[in-house]
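The data block below is query-v4.cif; it holds mmCIF, C-alpha atoms and all ligand atoms.
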```cif
data_input
#
loop_
_atom_site.label_atom_id
_atom_site.label_comp_id
_atom_site.auth_asym_id
_atom_site.auth_seq_id
_atom_site.Cartn_x
_atom_site.Cartn_y
_atom_site.Cartn_z
CA MET A 1371 -59.21 39.94 40.41
CA ASP A 1372 -61.69 37.80 38.53
CA PHE A 1373 -64.07 35.47 40.37
CA THR A 1374 -66.11 34.39 37.36
CA GLY A 1375 -67.47 30.90 37.99
CA LYS A 1376 -66.41 31.01 41.66
CA VAL A 1377 -68.64 30.71 44.71
CA ALA A 1378 -68.08 33.05 47.68
CA LEU A 1379 -69.63 32.41 51.10
CA ILE A 1380 -69.63 35.34 53.53
CA THR A 1381 -70.68 35.39 57.17
CA GLY A 1382 -71.74 38.75 58.55
CA GLY A 1383 -72.51 39.78 54.97
CA SER A 1384 -75.66 41.71 55.86
CA ASN A 1385 -73.78 44.83 56.95
CA GLY A 1386 -70.47 46.65 57.06
CA ILE A 1387 -67.29 44.95 55.85
CA GLY A 1388 -69.07 41.69 55.00
CA ARG A 1389 -71.61 43.45 52.79
CA ALA A 1390 -68.83 45.34 50.97
CA ALA A 1391 -67.05 42.03 50.37
CA ALA A 1392 -70.28 40.40 49.13
CA LEU A 1393 -70.81 43.24 46.65
CA GLY A 1394 -67.15 43.14 45.62
CA PHE A 1395 -67.14 39.39 44.97
CA ALA A 1396 -70.39 39.67 43.00
CA ARG A 1397 -69.10 42.62 40.94
CA ARG A 1398 -66.15 40.47 39.91
CA GLY A 1399 -68.30 37.54 38.80
CA ALA A 1400 -68.74 35.32 41.89
CA ARG A 1401 -72.01 33.73 42.93
CA VAL A 1402 -72.49 34.81 46.53
CA VAL A 1403 -74.09 33.36 49.66
CA VAL A 1404 -74.60 35.70 52.62
CA ALA A 1405 -75.00 34.00 56.02
CA ASP A 1406 -76.07 36.31 58.84
CA HIS A 1407 -78.65 36.60 61.61
CA ASP A 1408 -79.84 39.97 60.27
CA ALA A 1409 -82.37 38.86 57.65
CA VAL A 1410 -83.56 42.37 56.75
CA GLU A 1411 -80.14 43.73 55.81
CA GLY A 1412 -79.15 40.35 54.36
CA ALA A 1413 -82.05 40.61 51.92
CA ALA A 1414 -80.89 44.15 51.06
CA THR A 1415 -77.36 42.90 50.27
CA VAL A 1416 -78.78 40.16 48.03
CA ASP A 1417 -81.20 42.59 46.33
CA THR A 1418 -78.37 44.98 45.52
CA ILE A 1419 -76.34 42.17 43.95
CA GLN A 1420 -79.31 40.92 41.93
CA GLN A 1421 -80.20 44.44 40.74
CA HIS A 1422 -76.71 44.65 39.26
CA GLY A 1423 -77.21 41.34 37.43
CA GLY A 1424 -75.37 39.13 39.92
CA GLU A 1425 -76.38 35.88 41.62
CA ALA A 1426 -76.77 35.75 45.39
CA GLN A 1427 -78.70 34.05 48.17
CA PHE A 1428 -79.25 34.80 51.84
CA VAL A 1429 -79.19 32.14 54.58
CA ALA A 1430 -80.35 33.05 58.07
CA ALA A 1431 -77.76 31.74 60.52
CA ASP A 1432 -76.39 32.33 63.97
CA VAL A 1433 -72.67 31.57 63.60
CA THR A 1434 -72.46 30.39 67.22
CA ARG A 1435 -74.73 27.41 66.49
CA SER A 1436 -73.20 24.36 64.88
CA ALA A 1437 -76.49 23.35 63.24
CA ASP A 1438 -76.83 26.80 61.63
CA VAL A 1439 -73.25 26.67 60.35
CA GLN A 1440 -73.80 23.22 58.85
CA ALA A 1441 -77.00 24.56 57.29
CA TYR A 1442 -75.31 27.57 55.63
CA VAL A 1443 -72.59 25.31 54.25
CA GLN A 1444 -75.17 22.86 52.90
CA ALA A 1445 -77.32 25.66 51.47
CA THR A 1446 -74.28 26.98 49.56
CA LEU A 1447 -73.51 23.53 48.16
CA ASP A 1448 -77.17 22.96 47.25
CA ALA A 1449 -77.35 26.32 45.47
CA TYR A 1450 -73.99 26.47 43.71
CA GLY A 1451 -72.19 23.12 44.21
CA ALA A 1452 -68.89 24.41 45.66
CA ILE A 1453 -67.26 26.88 48.05
CA ASP A 1454 -64.23 28.58 46.49
CA CYS A 1455 -63.94 31.56 48.83
CA PHE A 1456 -65.04 31.73 52.45
CA PHE A 1457 -65.02 35.07 54.27
CA ASN A 1458 -65.43 34.04 57.92
CA ASN A 1459 -66.27 37.50 59.15
CA ALA A 1460 -69.25 37.85 61.53
CA GLY A 1461 -68.29 39.57 64.75
CA ILE A 1462 -69.44 41.71 67.68
CA GLU A 1463 -67.57 44.23 69.79
CA GLY A 1464 -68.91 43.57 73.28
CA LEU A 1465 -68.28 46.17 75.96
CA VAL A 1466 -65.69 48.87 76.54
CA VAL A 1467 -65.09 48.17 80.23
CA PRO A 1468 -61.91 47.34 82.19
CA THR A 1469 -61.20 43.63 82.63
CA ALA A 1470 -61.66 44.06 86.38
CA GLU A 1471 -65.31 44.99 85.74
CA TYR A 1472 -66.13 43.06 82.54
CA ASP A 1473 -69.49 41.25 82.53
CA GLU A 1474 -69.01 37.48 82.35
CA ALA A 1475 -72.05 36.83 80.14
CA VAL A 1476 -70.90 39.43 77.60
CA PHE A 1477 -67.41 37.90 77.64
CA ASP A 1478 -68.95 34.53 76.77
CA ALA A 1479 -71.09 36.07 74.02
CA VAL A 1480 -68.11 37.79 72.37
CA ILE A 1481 -66.03 34.61 72.44
CA ALA A 1482 -69.01 32.62 71.10
CA VAL A 1483 -69.44 34.83 68.02
CA ASN A 1484 -65.89 35.98 67.27
CA LEU A 1485 -63.91 32.84 68.14
CA LYS A 1486 -66.24 29.85 68.25
CA GLY A 1487 -68.16 31.19 65.24
CA VAL A 1488 -64.92 31.36 63.26
CA PHE A 1489 -63.93 27.88 64.47
CA LEU A 1490 -67.31 26.42 63.45
CA GLY A 1491 -66.99 28.04 60.03
CA LEU A 1492 -63.58 26.43 59.55
CA ARG A 1493 -64.81 23.14 61.01
CA HIS A 1494 -67.56 22.83 58.40
CA VAL A 1495 -66.13 24.62 55.35
CA LEU A 1496 -62.63 23.12 55.37
CA PRO A 1497 -63.89 19.54 54.75
CA VAL A 1498 -65.65 20.86 51.63
CA MET A 1499 -62.50 22.60 50.41
CA LEU A 1500 -60.35 19.55 51.20
CA ARG A 1501 -62.69 17.40 49.07
CA GLN A 1502 -62.51 19.98 46.28
CA GLY A 1503 -58.71 20.22 46.52
CA ARG A 1504 -58.98 24.00 46.38
CA GLY A 1505 -60.31 26.97 48.29
CA ALA A 1506 -59.34 30.16 50.08
CA VAL A 1507 -60.49 31.31 53.52
CA VAL A 1508 -60.12 34.75 55.06
CA ASN A 1509 -60.94 35.07 58.74
CA THR A 1510 -61.67 38.54 60.11
CA ALA A 1511 -59.34 39.23 63.00
CA SER A 1512 -58.49 42.84 63.88
CA THR A 1513 -55.55 44.95 64.91
CA ALA A 1514 -56.99 43.98 68.32
CA GLY A 1515 -55.64 40.51 67.44
CA LEU A 1516 -52.10 41.92 67.43
CA VAL A 1517 -51.93 44.25 70.43
CA GLY A 1518 -53.84 44.81 73.66
CA SER A 1519 -56.57 47.41 73.76
CA PRO A 1520 -57.60 48.53 77.26
CA GLY A 1521 -61.35 48.11 77.80
CA LEU A 1522 -61.79 45.44 75.14
CA SER A 1523 -60.60 42.28 76.88
CA ALA A 1524 -63.14 39.85 75.37
CA TYR A 1525 -62.78 41.33 71.89
CA VAL A 1526 -58.97 41.36 72.05
CA ALA A 1527 -58.86 37.78 73.38
CA SER A 1528 -61.22 36.60 70.65
CA LYS A 1529 -59.25 38.28 67.85
CA HIS A 1530 -55.89 36.96 69.13
CA GLY A 1531 -57.58 33.55 69.04
CA VAL A 1532 -58.71 34.07 65.44
CA LEU A 1533 -55.08 34.57 64.39
CA GLY A 1534 -54.11 31.36 66.19
CA LEU A 1535 -56.88 29.44 64.45
CA THR A 1536 -55.86 30.95 61.10
CA ARG A 1537 -52.21 29.88 61.38
CA THR A 1538 -53.08 26.44 62.70
CA ALA A 1539 -55.68 25.64 60.05
CA ALA A 1540 -53.40 26.99 57.30
CA GLY A 1541 -50.70 24.55 58.36
CA GLU A 1542 -53.16 21.67 58.26
CA VAL A 1543 -54.69 22.24 54.82
CA GLY A 1544 -51.96 23.84 52.73
CA ALA A 1545 -50.79 20.56 51.20
CA ALA A 1546 -54.32 19.99 49.90
CA GLY A 1547 -54.33 23.31 48.01
CA VAL A 1548 -56.39 25.25 50.54
CA ARG A 1549 -55.21 28.64 51.85
CA VAL A 1550 -56.24 30.28 55.14
CA ASN A 1551 -55.40 33.90 55.93
CA ALA A 1552 -56.67 36.68 58.15
CA VAL A 1553 -57.44 40.33 57.66
CA CYS A 1554 -56.76 42.72 60.55
CA PRO A 1555 -58.77 45.89 60.07
CA GLY A 1556 -58.16 48.88 62.27
CA PRO A 1557 -60.92 51.42 62.83
CA THR A 1558 -63.29 51.04 59.89
CA ASP A 1559 -66.34 53.11 59.12
CA THR A 1560 -69.19 50.80 60.25
CA ARG A 1561 -71.78 50.50 63.02
CA MET A 1562 -69.14 48.76 65.14
CA ILE A 1563 -66.74 51.71 65.30
CA ARG A 1564 -69.61 54.06 66.15
CA SER A 1565 -70.56 51.75 69.04
CA LEU A 1566 -66.96 51.76 70.28
CA GLU A 1567 -66.80 55.57 70.01
CA GLU A 1568 -70.03 55.96 71.99
CA GLN A 1569 -69.01 53.41 74.64
CA SER A 1570 -65.55 54.88 75.15
CA SER A 1571 -66.85 58.47 75.43
CA PRO A 1572 -70.57 58.40 76.27
CA GLY A 1573 -72.25 61.52 74.89
CA ASP A 1574 -69.07 62.62 73.07
CA GLN A 1575 -68.93 60.42 70.00
CA VAL A 1576 -67.52 63.30 67.95
CA GLY A 1577 -64.61 63.76 70.36
CA ALA A 1578 -63.93 60.02 70.49
CA SER A 1579 -63.93 59.86 66.71
CA ALA A 1580 -61.49 62.78 66.50
CA ARG A 1581 -59.13 61.10 69.00
CA TYR A 1582 -59.22 57.79 67.10
CA ARG A 1583 -58.54 59.54 63.81
CA ALA A 1584 -55.66 61.52 65.31
CA SER A 1585 -53.98 58.18 66.13
CA ILE A 1586 -54.05 57.06 62.47
CA PRO A 1587 -51.18 58.22 60.21
CA LEU A 1588 -53.54 58.38 57.23
CA GLY A 1589 -55.83 60.54 59.39
CA ARG A 1590 -59.07 58.70 58.73
CA TYR A 1591 -60.92 55.43 59.20
CA ALA A 1592 -60.68 52.76 56.52
CA THR A 1593 -63.73 52.41 54.31
CA VAL A 1594 -65.47 49.05 54.14
CA GLU A 1595 -64.43 48.79 50.48
CA GLU A 1596 -60.75 49.25 51.40
CA VAL A 1597 -60.96 46.29 53.79
CA ALA A 1598 -63.01 44.23 51.34
CA ASP A 1599 -60.43 44.81 48.58
CA VAL A 1600 -57.73 43.15 50.72
CA VAL A 1601 -60.08 40.24 51.48
CA LEU A 1602 -60.75 39.77 47.76
CA PHE A 1603 -57.02 39.92 47.02
CA LEU A 1604 -56.34 37.20 49.61
CA CYS A 1605 -59.07 35.03 48.06
CA SER A 1606 -57.82 35.61 44.52
CA ASP A 1607 -55.22 33.80 42.46
CA LEU A 1608 -52.98 36.87 42.88
CA ALA A 1609 -52.39 35.60 46.43
CA SER A 1610 -51.77 31.99 45.37
CA SER A 1611 -48.65 31.68 47.55
CA VAL A 1612 -50.06 33.51 50.56
CA THR A 1613 -51.27 31.41 53.48
CA ALA A 1614 -51.08 31.54 57.31
CA ALA A 1615 -50.65 35.31 56.87
CA HIS A 1616 -52.44 38.33 58.27
CA TYR A 1617 -52.86 41.61 56.46
CA VAL A 1618 -53.25 44.83 58.45
CA VAL A 1619 -55.62 47.46 57.02
CA ASP A 1620 -55.44 50.30 59.53
CA GLY A 1621 -54.01 53.43 57.93
CA GLY A 1622 -50.69 52.81 59.71
CA ARG A 1623 -52.04 52.92 63.27
CA THR A 1624 -50.58 49.67 64.62
CA GLY A 1625 -47.21 49.93 62.89
CA THR A 1626 -46.45 53.27 64.50
CA THR A 1627 -46.47 54.23 68.16
CA ALA A 1628 -47.84 57.46 69.57
CA ALA A 1629 -44.27 58.36 70.57
CA SER A 1630 -42.88 57.77 67.09
CA ARG A 1631 -45.72 59.80 65.55
CA SER A 1632 -45.03 62.82 67.77
CA PHE A 1633 -41.28 62.56 67.04
CA GLY A 1634 -42.07 62.72 63.31
CA LYS A 1635 -44.02 65.92 63.85
CA ALA A 1636 -41.37 67.56 66.06
N1 LIG A 1701 -65.45 48.24 62.10
C1 LIG A 1701 -64.24 48.14 62.64
O1 LIG A 1701 -63.64 49.15 63.04
C2 LIG A 1701 -63.58 46.78 62.74
C3 LIG A 1701 -62.21 46.75 63.08
C4 LIG A 1701 -61.56 45.52 63.17
C5 LIG A 1701 -62.26 44.36 62.94
N2 LIG A 1701 -63.60 44.41 62.63
C6 LIG A 1701 -64.28 43.14 62.40
O2 LIG A 1701 -64.91 43.15 61.15
C7 LIG A 1701 -66.00 42.21 61.17
C8 LIG A 1701 -67.22 42.88 60.59
O3 LIG A 1701 -67.60 43.95 61.45
P1 LIG A 1701 -68.25 45.32 60.91
O4 LIG A 1701 -67.37 46.41 61.34
O5 LIG A 1701 -68.61 45.17 59.49
O6 LIG A 1701 -69.54 45.39 61.85
P2 LIG A 1701 -71.10 45.25 61.56
O7 LIG A 1701 -71.76 45.24 62.88
O8 LIG A 1701 -71.49 46.27 60.56
O9 LIG A 1701 -71.23 43.82 60.84
C9 LIG A 1701 -71.17 42.62 61.58
C10 LIG A 1701 -72.11 41.62 60.92
O10 LIG A 1701 -72.03 40.38 61.66
C11 LIG A 1701 -73.36 39.91 61.88
N3 LIG A 1701 -73.40 39.07 63.08
C12 LIG A 1701 -73.11 39.43 64.36
N4 LIG A 1701 -73.31 38.39 65.19
C13 LIG A 1701 -73.74 37.35 64.41
C14 LIG A 1701 -74.12 36.01 64.70
N5 LIG A 1701 -74.12 35.51 65.94
N6 LIG A 1701 -74.50 35.23 63.67
C15 LIG A 1701 -74.54 35.71 62.39
N7 LIG A 1701 -74.20 36.97 62.07
C16 LIG A 1701 -73.80 37.78 63.08
C17 LIG A 1701 -74.20 41.18 62.03
O11 LIG A 1701 -75.58 40.94 61.83
C18 LIG A 1701 -73.58 42.07 60.97
O12 LIG A 1701 -74.18 41.87 59.71
C19 LIG A 1701 -66.15 41.76 62.63
O13 LIG A 1701 -65.54 40.50 62.81
C20 LIG A 1701 -65.37 42.83 63.39
O14 LIG A 1701 -64.90 42.36 64.62
C21 LIG A 1701 -64.25 45.60 62.52
#
```
As structure tokens, what does this structure read like?
Amino acid sequence: MDFTGKVALITGGSNGIGRAAALGFARRGARVVVADHDAVEGAATVDTIQQHGGEAQFVAADVTRSADVQAYVQATLDAYGAIDCFFNNAGIEGLVVPTAEYDEAVFDAVIAVNLKGVFLGLRHVLPVMLRQGRGAVVNTASTAGLVGSPGLSAYVASKHGVLGLTRTAAGEVGAAGVRVNAVCPGPTDTRMIRSLEEQSSPGDQVGASARYRASIPLGRYATVEEVADVVLFLCSDLASSVTAAHYVVDGGRTGTTAASRSFGKA
């Protein structure tokens, strides 16, 4: 995977999966723009890239605000003149609470970041890619975009929506040479999974982590680099015929049921 001469724009690139993707793109030759509302960690991502001889810029942006999204797109064009790869990735987990008790304001906030933020990214990046006649987008969905997950109604709804947006946009822009795919991580070793562990078992994060891991055939969480590698693949020419697709990176958790796993062990 060679991104020499390419420009990669990454939302949520200050931390976690987005940062790993930013570093991965830069290591393979891309000039990188990180858009995030966490300026401190965004500067750290950019510093790391620059220390390794790469080119990168940080743009402070709240992905829920149209003006901020237009500004990060314009800043990328002003800096580097194109957008070849767009990792539309910023997200929040919200609460782990049954739907019957879920806080309405938190529901709105999760949908605003995870679904509207992804829509706004597509809304303002796709016109650039259509003008260029090329480009690849990867939206971050989740295995929670494929199946229900009790306690995570807003998150699950938002991630199912991301897959719908992905397939719809892909159908609209394919003829112009633009590809749109999604990545569906399962439990991945970031701040977000630690928050979910703590919320699902307050005071027993270790136990929650052990239960999650026991549900994964590979027996462990994905690393951020393992998710980023799939994102880079989908943005690369190796995936030149892949669009409207989603790639699951979850150690086998979603493709196997608890019942089938116990049968295998019997
Ligand atoms: N970690 C997991 O287990 C997991 C599993 C499936 C999907 N995901 C998805 O992966 C993506 C990245 O999550 P992560 O695990 O790296 O978590 P993270 O919290 O480490 O990173 C999320 C990033 O998004 C940024 N962000 C949040 N709200 C924003 C906003 N309104 N505007 C701009 N930036 C904002 C944060 O500042 C942060 O840098 C998310 O979409 C998440 O839903 C994560």
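For the pair atom CA of A:Gly1383 and atom CA of A:Ala1578, the interatomic distance is 26.9 Å.
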remark   = re atom CA of A:Ala1527 and atom C18 of ligand LIG 1701 (chain A): distance 19.7 Å
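Closest approach to ligand LIG 1701 (chain A) among A:Ala1378, A:Cys1455, A:Ala1475, A:Ala1431 is made by A:Ala1431 (distances from all atoms listed in the file).
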task = Name all residues at most 8 Å from stretch 1497-1499 of chain A (count only C-alpha atoms; drop same-chain ones fewer than 3 positions away) and give them as a PyMOL selection string.
result = chain A and resi 1452-1454+1493-1494+1502-1505+1548
For the residues in the current selection, export C-alpha atoms as a PDB file, in the coordinates of the input.
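Final output, selection-v2.pdb:
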```
ATOM      1  CA  ALA A1452     -68.890  24.410  45.660  1.00  0.00           C
ATOM      2  CA  ILE A1453     -67.260  26.880  48.050  1.00  0.00           C
ATOM      3  CA  ASP A1454     -64.230  28.580  46.490  1.00  0.00           C
ATOM      4  CA  ARG A1493     -64.810  23.140  61.010  1.00  0.00           C
ATOM      5  CA  HIS A1494     -67.560  22.830  58.400  1.00  0.00           C
ATOM      6  CA  GLN A1502     -62.510  19.980  46.280  1.00  0.00           C
ATOM      7  CA  GLY A1503     -58.710  20.220  46.520  1.00  0.00           C
ATOM      8  CA  ARG A1504     -58.980  24.000  46.380  1.00  0.00           C
ATOM      9  CA  GLY A1505     -60.310  26.970  48.290  1.00  0.00           C
ATOM     10  CA  VAL A1548     -56.390  25.250  50.540  1.00  0.00           C
TER      11      VAL A1548
END
```
Within 7 Å of ligand LIG 1701 (chain A): each chain A residue with its shortest pair, all atoms listed in the file, as CSV:
```
residue,atom,partner,partner_atom,distance
A:Thr1381,CA,A:LIG1701,N7,6.2
A:Gly1382,CA,A:LIG1701,O10,3.5
A:Gly1383,CA,A:LIG1701,O12,5.4
A:Ser1384,CA,A:LIG1701,O12,4.1
A:Asn1385,CA,A:LIG1701,O12,4.1
A:Gly1386,CA,A:LIG1701,O5,3.4
A:Ile1387,CA,A:LIG1701,O5,3.9
A:Gly1388,CA,A:LIG1701,O5,5.7
A:Ala1405,CA,A:LIG1701,C15,6.6
A:Asp1406,CA,A:LIG1701,N7,3.8
A:His1407,CA,A:LIG1701,C15,4.3
A:Asp1408,CA,A:LIG1701,O11,4.6
A:Ala1431,CA,A:LIG1701,C15,5.4
A:Asp1432,CA,A:LIG1701,N6,3.5
A:Val1433,CA,A:LIG1701,N6,4.1
A:Thr1434,CA,A:LIG1701,N5,5.5
A:Asn1459,CA,A:LIG1701,O13,4.8
A:Ala1460,CA,A:LIG1701,O10,3.8
A:Gly1461,CA,A:LIG1701,O13,3.5
A:Ile1462,CA,A:LIG1701,C12,5.4
A:Glu1463,CA,A:LIG1701,O14,6.1
A:Val1483,CA,A:LIG1701,N5,5.2
A:Asn1484,CA,A:LIG1701,O13,6.4
A:Thr1510,CA,A:LIG1701,O13,5.1
A:Ala1511,CA,A:LIG1701,C5,5.9
A:Ser1512,CA,A:LIG1701,C4,4.1
A:Thr1513,CA,A:LIG1701,C4,6.3
A:Cys1554,CA,A:LIG1701,C4,6.1
A:Pro1555,CA,A:LIG1701,C4,4.2
A:Gly1556,CA,A:LIG1701,C3,4.6
A:Pro1557,CA,A:LIG1701,O1,3.5
A:Thr1558,CA,A:LIG1701,O1,3.7
A:Asp1559,CA,A:LIG1701,N1,5.8
A:Thr1560,CA,A:LIG1701,O4,4.9
A:Arg1561,CA,A:LIG1701,O8,4.9
A:Met1562,CA,A:LIG1701,O6,4.7
A:Ile1563,CA,A:LIG1701,O1,4.6
```
ask   = Rounded to one decimal in Å, what is the spacing between atom CA of A:Val1404 and atom CA of A:Lys1376?
value = 14.5 Å
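Closest approach to A:Gly1518 among A:Cys1605, A:Thr1624, A:Val1377, A:Glu1595 is made by A:Thr1624 (distances from only C-alpha atoms).
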Enclose all atoms of stretch 1616-1624 of chain A listed in the file in an axis-aligned box, grow every side by 5 Å, and hand back centre and edge lengths in Å to one decimal, as JSON.
```
{"center_x": -53.1, "center_y": 45.9, "center_z": 60.5, "size_x": 15.0, "size_y": 25.1, "size_z": 18.2}
```
Just the residues within 9 Å of A:Thr1469, please, counting only C-alpha atoms, with nothing from its chain fewer than 6 positions along; format it as a compact mmCIF listing (two decimals) with C-alpha atoms, keeping the file's coordinate frame.
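Output contents, as saved in result.txt:
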```txt
# COMPACT_ATOMS: atom_id res chain seq x y z
CA PRO A 1520 -57.60 48.53 77.26
CA GLY A 1521 -61.35 48.11 77.80
CA LEU A 1522 -61.79 45.44 75.14
CA SER A 1523 -60.60 42.28 76.88
CA ALA A 1524 -63.14 39.85 75.37
```
task = Choose the residue, out of A:Leu1588, A:Ala1449, A:Ala1540, A:Leu1535, that has the smallest atom-to-atom separation from A:Val1488; count only C-alpha atoms.
result = A:Leu1535
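Proximity of A:Ser1570, A:Asn1551, A:Ser1585, A:Asn1458 to A:Phe1603, computed with only C-alpha atoms, is greatest for A:Asn1551.
Closest approach to A:Thr1538 among A:Ala1614, A:Leu1492, A:Ala1482, A:Val1466 is made by A:Ala1614 (distances from all atoms listed in the file).
Minimum distance to A:Tyr1525 across A:Asp1417, A:Asp1607, A:Glu1471, A:Asp1478 (counting only C-alpha atoms) occurs at A:Asp1478.
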Output of stretch 1571-1588 of chain A limited to N, CA and C atoms, as a short mmCIF file (atom, residue, chain, number, x, y, z; two decimals), in the first residue's frame:
```
data_model
loop_
_atom_site.label_atom_id
_atom_site.label_comp_id
_atom_site.auth_asym_id
_atom_site.auth_seq_id
_atom_site.Cartn_x
_atom_site.Cartn_y
_atom_site.Cartn_z
N SER A 1571 -20.09 -2.68 33.67
CA SER A 1571 -19.83 -3.30 34.98
C SER A 1571 -19.14 -2.30 35.88
N PRO A 1572 -19.87 -1.31 36.43
CA PRO A 1572 -19.22 -0.28 37.24
C PRO A 1572 -18.38 -0.90 38.35
N GLY A 1573 -17.13 -0.47 38.44
CA GLY A 1573 -16.24 -0.97 39.49
C GLY A 1573 -15.61 -2.31 39.17
N ASP A 1574 -16.00 -2.93 38.05
CA ASP A 1574 -15.44 -4.25 37.71
C ASP A 1574 -15.02 -4.27 36.24
N GLN A 1575 -14.17 -3.29 35.90
CA GLN A 1575 -13.72 -3.20 34.51
C GLN A 1575 -12.95 -4.45 34.09
N VAL A 1576 -12.20 -5.01 35.03
CA VAL A 1576 -11.39 -6.20 34.71
C VAL A 1576 -12.31 -7.37 34.34
N GLY A 1577 -13.37 -7.55 35.12
CA GLY A 1577 -14.32 -8.63 34.84
C GLY A 1577 -15.03 -8.41 33.51
N ALA A 1578 -15.43 -7.15 33.26
CA ALA A 1578 -16.12 -6.85 32.00
C ALA A 1578 -15.20 -7.14 30.82
N SER A 1579 -13.94 -6.74 30.96
CA SER A 1579 -12.97 -6.98 29.90
C SER A 1579 -12.81 -8.48 29.65
N ALA A 1580 -12.74 -9.25 30.72
CA ALA A 1580 -12.56 -10.70 30.57
C ALA A 1580 -13.77 -11.32 29.87
N ARG A 1581 -14.98 -10.83 30.20
CA ARG A 1581 -16.19 -11.38 29.56
C ARG A 1581 -16.22 -11.03 28.08
N TYR A 1582 -15.87 -9.77 27.74
CA TYR A 1582 -15.81 -9.38 26.33
C TYR A 1582 -14.84 -10.28 25.57
N ARG A 1583 -13.65 -10.43 26.16
CA ARG A 1583 -12.60 -11.19 25.46
C ARG A 1583 -13.01 -12.64 25.28
N ALA A 1584 -13.74 -13.18 26.28
CA ALA A 1584 -14.17 -14.58 26.17
C ALA A 1584 -15.15 -14.78 25.02
N SER A 1585 -15.78 -13.68 24.56
CA SER A 1585 -16.75 -13.79 23.47
C SER A 1585 -16.09 -13.64 22.09
N ILE A 1586 -14.77 -13.52 22.07
CA ILE A 1586 -14.05 -13.27 20.81
C ILE A 1586 -13.22 -14.51 20.47
N PRO A 1587 -13.51 -15.17 19.32
CA PRO A 1587 -12.74 -16.38 18.99
C PRO A 1587 -11.23 -16.17 19.05
N LEU A 1588 -10.72 -15.02 18.63
CA LEU A 1588 -9.28 -14.80 18.71
C LEU A 1588 -8.82 -14.51 20.14
#
```
